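Participant: If it helps, the file is called query-v5.cif and holds mmCIF, N, CA and C atoms:
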data_protein
loop_
_atom_site.group_PDB
_atom_site.id
_atom_site.type_symbol
_atom_site.label_atom_id
_atom_site.label_comp_id
_atom_site.auth_asym_id
_atom_site.auth_seq_id
_atom_site.Cartn_x
_atom_site.Cartn_y
_atom_site.Cartn_z
ATOM 1 N N LEU C 52 11.750 26.189 2.307
ATOM 2 C CA LEU C 52 11.399 24.884 1.778
ATOM 3 C C LEU C 52 12.183 23.761 2.447
ATOM 4 N N GLU C 53 12.837 24.073 3.537
ATOM 5 C CA GLU C 53 13.623 23.067 4.244
ATOM 6 C C GLU C 53 12.784 21.851 4.633
ATOM 7 N N GLU C 54 11.500 22.076 4.910
ATOM 8 C CA GLU C 54 10.607 20.985 5.299
ATOM 9 C C GLU C 54 10.381 19.994 4.168
ATOM 10 N N LEU C 55 10.672 20.401 2.942
ATOM 11 C CA LEU C 55 10.451 19.541 1.789
ATOM 12 C C LEU C 55 11.710 18.801 1.357
ATOM 13 N N LEU C 56 12.783 18.903 2.168
ATOM 14 C CA LEU C 56 14.042 18.244 1.838
ATOM 15 C C LEU C 56 14.270 17.030 2.722
ATOM 16 N N CYS C 57 14.793 15.993 2.126
ATOM 17 C CA CYS C 57 15.154 14.775 2.861
ATOM 18 C C CYS C 57 16.439 15.058 3.640
ATOM 19 N N THR C 58 16.472 14.678 4.901
ATOM 20 C CA THR C 58 17.673 14.934 5.706
ATOM 21 C C THR C 58 18.783 13.927 5.431
ATOM 22 N N ILE C 59 18.522 12.949 4.581
ATOM 23 C CA ILE C 59 19.566 11.992 4.209
ATOM 24 C C ILE C 59 20.214 12.412 2.893
ATOM 25 N N CYS C 60 19.417 12.532 1.833
ATOM 26 C CA CYS C 60 19.983 12.864 0.513
ATOM 27 C C CYS C 60 20.017 14.371 0.253
ATOM 28 N N LEU C 61 19.332 15.148 1.078
ATOM 29 C CA LEU C 61 19.273 16.607 0.970
ATOM 30 C C LEU C 61 18.619 17.090 -0.321
ATOM 31 N N ASP C 62 17.824 16.245 -0.928
ATOM 32 C CA ASP C 62 17.099 16.607 -2.144
ATOM 33 C C ASP C 62 15.612 16.750 -1.792
ATOM 34 N N ILE C 63 14.824 17.202 -2.739
ATOM 35 C CA ILE C 63 13.382 17.300 -2.526
ATOM 36 C C ILE C 63 12.839 15.903 -2.262
ATOM 37 N N LEU C 64 11.972 15.797 -1.277
ATOM 38 C CA LEU C 64 11.426 14.501 -0.875
ATOM 39 C C LEU C 64 10.766 13.763 -2.028
ATOM 40 N N SER C 65 11.057 12.491 -2.114
ATOM 41 C CA SER C 65 10.428 11.615 -3.088
ATOM 42 C C SER C 65 9.711 10.532 -2.303
ATOM 43 N N ASN C 66 8.395 10.428 -2.483
ATOM 44 C CA ASN C 66 7.587 9.479 -1.726
ATOM 45 C C ASN C 66 7.831 9.691 -0.221
ATOM 46 N N PRO C 67 7.487 10.879 0.298
ATOM 47 C CA PRO C 67 7.849 11.247 1.669
ATOM 48 C C PRO C 67 7.202 10.382 2.742
ATOM 49 N N VAL C 68 8.030 10.036 3.717
ATOM 50 C CA VAL C 68 7.589 9.288 4.891
ATOM 51 C C VAL C 68 8.228 9.939 6.107
ATOM 52 N N CYS C 69 7.746 9.569 7.277
ATOM 53 C CA CYS C 69 8.381 10.097 8.483
ATOM 54 C C CYS C 69 8.602 8.972 9.480
ATOM 55 N N CYS C 70 9.574 9.190 10.343
ATOM 56 C CA CYS C 70 9.893 8.234 11.399
ATOM 57 C C CYS C 70 8.761 8.274 12.420
ATOM 58 N N GLY C 71 8.312 7.115 12.843
ATOM 59 C CA GLY C 71 7.229 7.044 13.818
ATOM 60 C C GLY C 71 7.613 7.599 15.175
ATOM 61 N N SER C 72 8.911 7.673 15.473
ATOM 62 C CA SER C 72 9.354 8.183 16.767
ATOM 63 C C SER C 72 9.560 9.694 16.769
ATOM 64 N N CYS C 73 10.419 10.173 15.880
ATOM 65 C CA CYS C 73 10.773 11.607 15.911
ATOM 66 C C CYS C 73 10.012 12.441 14.890
ATOM 67 N N GLU C 74 9.304 11.796 13.975
ATOM 68 C CA GLU C 74 8.524 12.446 12.923
ATOM 69 C C GLU C 74 9.369 13.264 11.942
ATOM 70 N N ALA C 75 10.670 12.969 11.856
ATOM 71 C CA ALA C 75 11.514 13.590 10.830
ATOM 72 C C ALA C 75 11.109 13.011 9.477
ATOM 73 N N HIS C 76 11.217 13.821 8.422
ATOM 74 C CA HIS C 76 10.782 13.409 7.090
ATOM 75 C C HIS C 76 11.955 12.968 6.224
ATOM 76 N N PHE C 77 11.708 11.921 5.461
ATOM 77 C CA PHE C 77 12.730 11.349 4.588
ATOM 78 C C PHE C 77 12.071 10.851 3.305
ATOM 79 N N CYS C 78 12.897 10.624 2.281
ATOM 80 C CA CYS C 78 12.430 9.864 1.121
ATOM 81 C C CYS C 78 12.259 8.434 1.615
ATOM 82 N N LYS C 79 11.248 7.759 1.134
ATOM 83 C CA LYS C 79 11.001 6.389 1.592
ATOM 84 C C LYS C 79 12.210 5.494 1.339
ATOM 85 N N LYS C 80 12.800 5.608 0.168
ATOM 86 C CA LYS C 80 13.955 4.776 -0.166
ATOM 87 C C LYS C 80 15.148 5.117 0.721
ATOM 88 N N CYS C 81 15.391 6.399 0.976
ATOM 89 C CA CYS C 81 16.538 6.809 1.790
ATOM 90 C C CYS C 81 16.468 6.221 3.196
ATOM 91 N N ILE C 82 15.336 6.358 3.873
ATOM 92 C CA ILE C 82 15.244 5.865 5.251
ATOM 93 C C ILE C 82 15.215 4.344 5.279
ATOM 94 N N SER C 83 14.612 3.712 4.279
ATOM 95 C CA SER C 83 14.616 2.243 4.229
ATOM 96 C C SER C 83 16.034 1.710 4.084
ATOM 97 N N ASP C 84 16.818 2.333 3.192
ATOM 98 C CA ASP C 84 18.223 1.940 3.019
ATOM 99 C C ASP C 84 19.013 2.196 4.298
ATOM 100 N N TRP C 85 18.786 3.351 4.925
ATOM 101 C CA TRP C 85 19.506 3.718 6.148
ATOM 102 C C TRP C 85 19.245 2.694 7.258
ATOM 103 N N VAL C 86 17.985 2.379 7.487
ATOM 104 C CA VAL C 86 17.625 1.458 8.568
ATOM 105 C C VAL C 86 18.150 0.056 8.279
ATOM 106 N N SER C 87 18.120 -0.365 7.022
ATOM 107 C CA SER C 87 18.607 -1.708 6.691
ATOM 108 C C SER C 87 20.117 -1.828 6.924
ATOM 109 N N LYS C 88 20.852 -0.717 6.837
ATOM 110 C CA LYS C 88 22.305 -0.727 7.060
ATOM 111 C C LYS C 88 22.677 -0.426 8.509
ATOM 112 N N SER C 89 21.744 0.088 9.284
ATOM 113 C CA SER C 89 22.011 0.457 10.679
ATOM 114 C C SER C 89 22.027 -0.785 11.562
ATOM 115 N N LYS C 90 23.110 -0.966 12.320
ATOM 116 C CA LYS C 90 23.217 -2.119 13.217
ATOM 117 C C LYS C 90 22.112 -2.110 14.270
ATOM 118 N N ASP C 91 21.815 -0.938 14.815
ATOM 119 C CA ASP C 91 20.847 -0.823 15.903
ATOM 120 C C ASP C 91 19.439 -0.494 15.422
ATOM 121 N N LYS C 92 19.253 -0.415 14.105
ATOM 122 C CA LYS C 92 17.957 -0.063 13.517
ATOM 123 C C LYS C 92 17.453 1.278 14.022
ATOM 124 N N LEU C 93 18.378 2.235 14.181
ATOM 125 C CA LEU C 93 18.022 3.583 14.611
ATOM 126 C C LEU C 93 17.801 4.452 13.394
ATOM 127 N N CYS C 94 16.947 5.449 13.535
ATOM 128 C CA CYS C 94 16.772 6.394 12.432
ATOM 129 C C CYS C 94 17.975 7.332 12.403
ATOM 130 N N VAL C 95 18.039 8.173 11.415
ATOM 131 C CA VAL C 95 19.149 9.102 11.218
ATOM 132 C C VAL C 95 19.383 9.973 12.452
ATOM 133 N N HIS C 96 18.338 10.310 13.159
ATOM 134 C CA HIS C 96 18.436 11.197 14.314
ATOM 135 C C HIS C 96 18.670 10.442 15.619
ATOM 136 N N LYS C 97 19.053 9.188 15.505
ATOM 137 C CA LYS C 97 19.426 8.340 16.648
ATOM 138 C C LYS C 97 18.270 8.001 17.583
ATOM 139 N N CYS C 98 17.051 8.255 17.178
ATOM 140 C CA CYS C 98 15.929 7.847 18.014
ATOM 141 C C CYS C 98 15.596 6.394 17.698
ATOM 142 N N GLN C 99 14.852 5.777 18.542
ATOM 143 C CA GLN C 99 14.463 4.391 18.310
ATOM 144 C C GLN C 99 13.501 4.331 17.131
ATOM 145 N N TYR C 100 13.901 3.678 16.104
ATOM 146 C CA TYR C 100 13.090 3.561 14.903
ATOM 147 C C TYR C 100 11.949 2.577 15.165
ATOM 148 N N THR C 101 10.740 3.016 14.962
ATOM 149 C CA THR C 101 9.618 2.117 15.210
ATOM 150 C C THR C 101 8.836 1.790 13.950
ATOM 151 N N GLU C 102 8.648 2.739 13.085
ATOM 152 C CA GLU C 102 7.875 2.494 11.859
ATOM 153 C C GLU C 102 8.094 3.631 10.879
ATOM 154 N N ILE C 103 7.820 3.347 9.634
ATOM 155 C CA ILE C 103 7.785 4.382 8.608
ATOM 156 C C ILE C 103 6.319 4.626 8.318
ATOM 157 N N LYS C 104 5.918 5.879 8.356
ATOM 158 C CA LYS C 104 4.528 6.175 8.007
ATOM 159 C C LYS C 104 4.496 7.256 6.927
ATOM 160 N N ALA C 105 3.532 7.145 6.049
ATOM 161 C CA ALA C 105 3.402 8.105 4.959
ATOM 162 C C ALA C 105 3.063 9.480 5.510
ATOM 163 N N SER C 106 3.561 10.491 4.840
ATOM 164 C CA SER C 106 3.289 11.864 5.230
ATOM 165 C C SER C 106 2.330 12.474 4.207
ATOM 166 N N LYS C 107 1.051 12.387 4.496
ATOM 167 C CA LYS C 107 0.035 12.862 3.552
ATOM 168 C C LYS C 107 0.110 14.369 3.344
ATOM 169 N N LEU C 108 0.426 15.113 4.385
ATOM 170 C CA LEU C 108 0.545 16.566 4.249
ATOM 171 C C LEU C 108 1.652 16.927 3.272
ATOM 172 N N LEU C 109 2.817 16.307 3.420
ATOM 173 C CA LEU C 109 3.910 16.609 2.502
ATOM 174 C C LEU C 109 3.606 16.140 1.093
ATOM 175 N N LEU C 110 2.922 15.027 0.950
ATOM 176 C CA LEU C 110 2.526 14.581 -0.386
ATOM 177 C C LEU C 110 1.655 15.623 -1.071
ATOM 178 N N ARG C 111 0.717 16.197 -0.327
ATOM 179 C CA ARG C 111 -0.146 17.245 -0.897
ATOM 180 C C ARG C 111 0.667 18.488 -1.255
ATOM 181 N N MET C 112 1.590 18.874 -0.378
ATOM 182 C CA MET C 112 2.421 20.050 -0.654
ATOM 183 C C MET C 112 3.280 19.831 -1.893
ATOM 184 N N LEU C 113 3.909 18.670 -1.980
ATOM 185 C CA LEU C 113 4.781 18.372 -3.112
ATOM 186 C C LEU C 113 4.002 18.295 -4.423
ATOM 187 N N SER C 114 2.768 17.835 -4.363
ATOM 188 C CA SER C 114 1.968 17.725 -5.585
ATOM 189 C C SER C 114 1.620 19.096 -6.165
ATOM 190 N N LYS C 115 1.730 20.142 -5.354
ATOM 191 C CA LYS C 115 1.414 21.489 -5.822
ATOM 192 C C LYS C 115 2.626 22.219 -6.399
ATOM 193 N N LEU C 116 3.806 21.634 -6.250
ATOM 194 C CA LEU C 116 5.006 22.258 -6.800
ATOM 195 C C LEU C 116 5.036 22.094 -8.314
ATOM 196 N N SER C 117 5.555 23.082 -8.978
ATOM 197 C CA SER C 117 5.774 22.940 -10.408
ATOM 198 C C SER C 117 7.229 23.274 -10.700
ATOM 199 N N PHE C 118 7.818 22.529 -11.600
ATOM 200 C CA PHE C 118 9.217 22.682 -11.937
ATOM 201 C C PHE C 118 9.329 23.074 -13.396
ATOM 202 N N SER C 119 10.342 23.863 -13.697
ATOM 203 C CA SER C 119 10.606 24.178 -15.087
ATOM 204 C C SER C 119 12.117 24.250 -15.288
ATOM 205 N N CYS C 120 12.533 23.960 -16.485
ATOM 206 C CA CYS C 120 13.940 23.968 -16.825
ATOM 207 C C CYS C 120 14.315 25.343 -17.346
ATOM 208 N N TYR C 121 15.322 25.937 -16.742
ATOM 209 C CA TYR C 121 15.771 27.250 -17.184
ATOM 210 C C TYR C 121 16.412 27.202 -18.563
ATOM 211 N N ASN C 122 16.868 26.056 -18.971
ATOM 212 C CA ASN C 122 17.571 25.905 -20.244
ATOM 213 C C ASN C 122 16.685 25.355 -21.354
ATOM 214 N N LYS C 123 15.399 25.265 -21.141
ATOM 215 C CA LYS C 123 14.534 24.630 -22.142
ATOM 216 C C LYS C 123 14.491 25.376 -23.467
ATOM 217 N N ASP C 124 14.748 26.683 -23.467
ATOM 218 C CA ASP C 124 14.722 27.465 -24.710
ATOM 219 C C ASP C 124 16.085 27.511 -25.390
ATOM 220 N N ASN C 125 17.092 27.000 -24.753
ATOM 221 C CA ASN C 125 18.456 27.056 -25.322
ATOM 222 C C ASN C 125 18.817 25.798 -26.032
#
Can the structure from this file be put into structure tokens for me?
Facilitator:
Amino acid sequence: LEELLCTICLDILSNPVCCGSCEAHFCKKCISDWVSKSKDKLCVHKCQYTEIKASKLLLRMLSKLSFSCYNKDN
């Protein structure tokens, strides 16, 4: 499930997007915050950041996940 993790926050992708240059996947908020703080406007992987684009494939994959709490009966 590594493909479903943000390389910035290391959590499951939330509103997944990818860098237009390297196509690495991030949470939209994580990469937006990263780029706004980056002096050179580079993505996390040091490639030239050009755009954020939605990742429809990952959105479909994430929508099929189901979560449950192990402690819900306790």
Participant: Using only N, CA and C atoms for the distances, tell me which of C:Ser83, C:Gly71, C:Glu53, C:Lys90 is nearest to C:Lys104.
Facilitator: C:Gly71
Participant: For C:Ile103, which of C:Leu64, C:Cys120, C:Ile59, C:Cys70 is the closest residue, counting all atoms listed in the file?
Facilitator: C:Cys70
Participant: Using the chain letters and numbers from the file, which residues does the PyMOL selection byres (((chain C and resi 95-98 and name CA) around 12) and name CA) grab, as an MDAnalysis selection string?
Facilitator: chainID C and resid 57:60 69:77 81:94 99:102
Participant: Please measure the separation of atom C of C:Leu108 and atom N of C:Leu55, giving the value in Å to one decimal.
Facilitator: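 These atoms are spaced 9.7 Å apart.
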Participant: Assuming the chain letters and numbering stay as they are in my file, what does the PyMOL selection byres (((chain C and resi 66 and name CA) around 9) and name CA) actually select? List them as a list in words.
Facilitator: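 Here the PyMOL selection byres (((chain C and resi 66 and name CA) around 9) and name CA) matches Leu64, Ser65, Pro67, Val68, Phe77, Cys78, Lys79, Lys80, Ala105, Ser106 and Leu110 of chain C.
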Participant: Dump N, CA and C atoms for the selected residues as a PDB file, keeping the file's coordinate frame?
Facilitator:
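What ended up in part_39.pdb:
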ATOM      1  N   LEU C  64      11.972  15.797  -1.277  1.00  0.00           N
ATOM      2  CA  LEU C  64      11.426  14.501  -0.875  1.00  0.00           C
ATOM      3  C   LEU C  64      10.766  13.763  -2.028  1.00  0.00           C
ATOM      4  N   SER C  65      11.057  12.491  -2.114  1.00  0.00           N
ATOM      5  CA  SER C  65      10.428  11.615  -3.088  1.00  0.00           C
ATOM      6  C   SER C  65       9.711  10.532  -2.303  1.00  0.00           C
ATOM      7  N   PRO C  67       7.487  10.879   0.298  1.00  0.00           N
ATOM      8  CA  PRO C  67       7.849  11.247   1.669  1.00  0.00           C
ATOM      9  C   PRO C  67       7.202  10.382   2.742  1.00  0.00           C
ATOM     10  N   VAL C  68       8.030  10.036   3.717  1.00  0.00           N
ATOM     11  CA  VAL C  68       7.589   9.288   4.891  1.00  0.00           C
ATOM     12  C   VAL C  68       8.228   9.939   6.107  1.00  0.00           C
ATOM     13  N   PHE C  77      11.708  11.921   5.461  1.00  0.00           N
ATOM     14  CA  PHE C  77      12.730  11.349   4.588  1.00  0.00           C
ATOM     15  C   PHE C  77      12.071  10.851   3.305  1.00  0.00           C
ATOM     16  N   CYS C  78      12.897  10.624   2.281  1.00  0.00           N
ATOM     17  CA  CYS C  78      12.430   9.864   1.121  1.00  0.00           C
ATOM     18  C   CYS C  78      12.259   8.434   1.615  1.00  0.00           C
ATOM     19  N   LYS C  79      11.248   7.759   1.134  1.00  0.00           N
ATOM     20  CA  LYS C  79      11.001   6.389   1.592  1.00  0.00           C
ATOM     21  C   LYS C  79      12.210   5.494   1.339  1.00  0.00           C
ATOM     22  N   LYS C  80      12.800   5.608   0.168  1.00  0.00           N
ATOM     23  CA  LYS C  80      13.955   4.776  -0.166  1.00  0.00           C
ATOM     24  C   LYS C  80      15.148   5.117   0.721  1.00  0.00           C
ATOM     25  N   ALA C 105       3.532   7.145   6.049  1.00  0.00           N
ATOM     26  CA  ALA C 105       3.402   8.105   4.959  1.00  0.00           C
ATOM     27  C   ALA C 105       3.063   9.480   5.510  1.00  0.00           C
ATOM     28  N   SER C 106       3.561  10.491   4.840  1.00  0.00           N
ATOM     29  CA  SER C 106       3.289  11.864   5.230  1.00  0.00           C
ATOM     30  C   SER C 106       2.330  12.474   4.207  1.00  0.00           C
ATOM     31  N   LEU C 110       2.922  15.027   0.950  1.00  0.00           N
ATOM     32  CA  LEU C 110       2.526  14.581  -0.386  1.00  0.00           C
ATOM     33  C   LEU C 110       1.655  15.623  -1.071  1.00  0.00           C
TER      34      LEU C 110
END
Participant: Could you give me the residues within chain C that DSSP places in alpha helix (DSSP H), as a list in words?
Facilitator: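 Here is the list: Lys79, Lys80, Cys81, Ile82, Ser83, Asp84, Trp85, Val86, Ser87, Lys88, Lys107, Leu108, Leu109, Leu110, Arg111, Met112, Leu113 and Ser114 of chain C.
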Participant: Keeping only N, CA and C atoms, write the selected residues as a PDB file, keeping the file's coordinate frame.
Facilitator:
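Output file selection_39.pdb is given in full below:
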ATOM      1  N   LYS C  79      11.248   7.759   1.134  1.00  0.00           N
ATOM      2  CA  LYS C  79      11.001   6.389   1.592  1.00  0.00           C
ATOM      3  C   LYS C  79      12.210   5.494   1.339  1.00  0.00           C
ATOM      4  N   LYS C  80      12.800   5.608   0.168  1.00  0.00           N
ATOM      5  CA  LYS C  80      13.955   4.776  -0.166  1.00  0.00           C
ATOM      6  C   LYS C  80      15.148   5.117   0.721  1.00  0.00           C
ATOM      7  N   CYS C  81      15.391   6.399   0.976  1.00  0.00           N
ATOM      8  CA  CYS C  81      16.538   6.809   1.790  1.00  0.00           C
ATOM      9  C   CYS C  81      16.468   6.221   3.196  1.00  0.00           C
ATOM     10  N   ILE C  82      15.336   6.358   3.873  1.00  0.00           N
ATOM     11  CA  ILE C  82      15.244   5.865   5.251  1.00  0.00           C
ATOM     12  C   ILE C  82      15.215   4.344   5.279  1.00  0.00           C
ATOM     13  N   SER C  83      14.612   3.712   4.279  1.00  0.00           N
ATOM     14  CA  SER C  83      14.616   2.243   4.229  1.00  0.00           C
ATOM     15  C   SER C  83      16.034   1.710   4.084  1.00  0.00           C
ATOM     16  N   ASP C  84      16.818   2.333   3.192  1.00  0.00           N
ATOM     17  CA  ASP C  84      18.223   1.940   3.019  1.00  0.00           C
ATOM     18  C   ASP C  84      19.013   2.196   4.298  1.00  0.00           C
ATOM     19  N   TRP C  85      18.786   3.351   4.925  1.00  0.00           N
ATOM     20  CA  TRP C  85      19.506   3.718   6.148  1.00  0.00           C
ATOM     21  C   TRP C  85      19.245   2.694   7.258  1.00  0.00           C
ATOM     22  N   VAL C  86      17.985   2.379   7.487  1.00  0.00           N
ATOM     23  CA  VAL C  86      17.625   1.458   8.568  1.00  0.00           C
ATOM     24  C   VAL C  86      18.150   0.056   8.279  1.00  0.00           C
ATOM     25  N   SER C  87      18.120  -0.365   7.022  1.00  0.00           N
ATOM     26  CA  SER C  87      18.607  -1.708   6.691  1.00  0.00           C
ATOM     27  C   SER C  87      20.117  -1.828   6.924  1.00  0.00           C
ATOM     28  N   LYS C  88      20.852  -0.717   6.837  1.00  0.00           N
ATOM     29  CA  LYS C  88      22.305  -0.727   7.060  1.00  0.00           C
ATOM     30  C   LYS C  88      22.677  -0.426   8.509  1.00  0.00           C
ATOM     31  N   LYS C 107       1.051  12.387   4.496  1.00  0.00           N
ATOM     32  CA  LYS C 107       0.035  12.862   3.552  1.00  0.00           C
ATOM     33  C   LYS C 107       0.110  14.369   3.344  1.00  0.00           C
ATOM     34  N   LEU C 108       0.426  15.113   4.385  1.00  0.00           N
ATOM     35  CA  LEU C 108       0.545  16.566   4.249  1.00  0.00           C
ATOM     36  C   LEU C 108       1.652  16.927   3.272  1.00  0.00           C
ATOM     37  N   LEU C 109       2.817  16.307   3.420  1.00  0.00           N
ATOM     38  CA  LEU C 109       3.910  16.609   2.502  1.00  0.00           C
ATOM     39  C   LEU C 109       3.606  16.140   1.093  1.00  0.00           C
ATOM     40  N   LEU C 110       2.922  15.027   0.950  1.00  0.00           N
ATOM     41  CA  LEU C 110       2.526  14.581  -0.386  1.00  0.00           C
ATOM     42  C   LEU C 110       1.655  15.623  -1.071  1.00  0.00           C
ATOM     43  N   ARG C 111       0.717  16.197  -0.327  1.00  0.00           N
ATOM     44  CA  ARG C 111      -0.146  17.245  -0.897  1.00  0.00           C
ATOM     45  C   ARG C 111       0.667  18.488  -1.255  1.00  0.00           C
ATOM     46  N   MET C 112       1.590  18.874  -0.378  1.00  0.00           N
ATOM     47  CA  MET C 112       2.421  20.050  -0.654  1.00  0.00           C
ATOM     48  C   MET C 112       3.280  19.831  -1.893  1.00  0.00           C
ATOM     49  N   LEU C 113       3.909  18.670  -1.980  1.00  0.00           N
ATOM     50  CA  LEU C 113       4.781  18.372  -3.112  1.00  0.00           C
ATOM     51  C   LEU C 113       4.002  18.295  -4.423  1.00  0.00           C
ATOM     52  N   SER C 114       2.768  17.835  -4.363  1.00  0.00           N
ATOM     53  CA  SER C 114       1.968  17.725  -5.585  1.00  0.00           C
ATOM     54  C   SER C 114       1.620  19.096  -6.165  1.00  0.00           C
TER      55      SER C 114
END
Participant: Atom CA of C:Lys107 and atom N of C:Tyr121, how far apart in Å?
Facilitator: 28.6 Å
Participant: In Å, rounded to a single decimal, give me how far atom CA of C:Asn122 is from atom N of C:Glu54.
Facilitator: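 Between atom N of C:Glu54 and atom CA of C:Asn122 the gap is 26.2 Å.
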Participant: Please put the answer as JSON: centre and edge lengths, in Å with one decimal, of a box along x, y and z that encloses all listed atoms of stretch 59-62 of chain C plus 5 Å on each side.
Facilitator:
{"center_x": 17.9, "center_y": 14.5, "center_z": 1.2, "size_x": 14.6, "size_y": 15.1, "size_z": 16.7}
Participant: Please, which residues of stretch 70-104 of chain C, numbered as in this document, come out strand (DSSP E) from DSSP, as an NGL selection string?
Facilitator: :C and (70 or 76-78 or 103-104)
